[in-house]
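Step one of this worksheet: look at the structure below.
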Amino acid sequence: QVPLVESGGGLVQAGGSLRLSCAASGRTFSRYAMGWFRQAPGKEREFVAAITWTTYYADSVKGRFTISRDTAKNTVYLQMNSLKPEDTAVYYCAADPESDFVYDYWGQGTQVTVSS
């Protein structure tokens with residue numbers, strides 16, 4: 001198992017910023033692809049961003065969100081700028097051991113609420 005713990009969620013006004021963190025334990029973390037997903041009330045979980053040797057973004061967040069990682073700290077980040085009310089969701093961190101976009105390990109989620 002690769003325990004993943006998200007933090008950094010909260011309430012922010014539209015146009016504001018938040019940075020989510022995902023702390024992972026395990027020696028192999030640095031070799032895993034990592035991703036962020038979100039689930040809004042009444043909607044399915046959707047992809048937000050991923051990082052392998054490069055980065056990937058959903059069209060809805062491209063140019064506003066940035067995924068990054070600090071392998072020394074075993075942490076992956078999601079910097080979210082220019083937040084919109086439609087970004088309101090529970091955000092989940094996930095680990096992809098084979099870098100094949102199959103995520104085997106998930107965190108518990110952190111709530112992000114953007115007020116208008």
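Here, A, B, ... name the chains of the structure tokens in the order displayed, residue numbers run from 1 inside each chain, and ligands are numbered from 1 in the same displayed order.
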
Could the residues of range 30-94 of chain A that have an atom at most 7 Å from range 2-14 of chain A be listed as CSV, each with its closest atom pair and the distance in Å to one decimal, counting only C-alpha atoms and ordered by chain and ascending residue number?
```
residue,atom,partner,partner_atom,distance
A:Ser82,CA,A:Ala14,CA,7.0
A:Leu83,CA,A:Ala14,CA,5.3
A:Lys84,CA,A:Ala14,CA,5.0
A:Pro85,CA,A:Ala14,CA,6.2
A:Cys93,CA,A:Glu6,CA,6.6
```

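Between CA of Ala89 in chain A and CA of Gly107 in chain A lies a distance of 14.4 Å.
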
- Message: Which residues are near Thr88 in chain A? Cut-off 7 Å, only C-alpha atoms, ignore same chain within fewer than 4 positions. Put them as an MDAnalysis selection string.
- Response: chainID A and resid 40 112:114

- as a list in words, please: all residues of chain A that backbone DSSP puts in helix (DSSP H, G or I).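 Taking chain A and keeping helix (DSSP H, G or I) only, one gets Phe29, Ser30, Arg31, Thr71, Ala72, Lys73, Pro85, Glu86 and Asp87 of chain A.
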
- One-decimal distance in Å that lies between CA of Ile51 in chain A and CA of Ser30 in chain A: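 Interatomic distance, CA of Ser30 in chain A to CA of Ile51 in chain A: 11.1 Å.
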
- Tell me which protein, DNA and RNA residues are within 7 Å of Phe47 in chain A, counting only C-alpha atoms, leaving out same-chain ones fewer than 3 positions away, and put them as a PyMOL selection string. chain A and resi 36-38+58

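Distance annotation: of A:Ala24, A:Val90, A:Ala50, A:Leu18, the residue with the minimal separation from Ser68 in chain A is A:Ala50; atom set is only C-alpha atoms.
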
- Considering only C-alpha atoms, state which residue in the set A:Asp87, A:Met34, A:Ser25, A:Arg19 is at the smallest distance from Lys73 in chain A.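 Of A:Asp87, A:Met34, A:Ser25, A:Arg19, the one nearest Lys73 in chain A is A:Ser25, counting only C-alpha atoms.
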
- Excluding same-chain residues fewer than 4 positions from Gln79 in chain A, what lies within 8 Å of it counting only C-alpha atoms, as a ChimeraX atom specification? /A:17-20,65-67

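When the distance limit is 6 Å and only C-alpha atoms are what count, the residues near Tyr105 in chain A, minus those fewer than 2 positions from it on the same chain, are Ala94, Ala95 and Tyr103 of chain A.
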
- Message: Applying 7 Å and only C-alpha atoms, which residues near Pro97 in chain A remain after dropping the ones on its own chain fewer than 2 positions away? List them as a ChimeraX atom specification.
- Response: /A:32-33,95,99

- Task: Find the residue from A:Ser60, A:Ser115, A:Thr52, A:Thr75 that sits nearest to Asp100 in chain A; use only C-alpha atoms when measuring.
- Result: A:Thr52
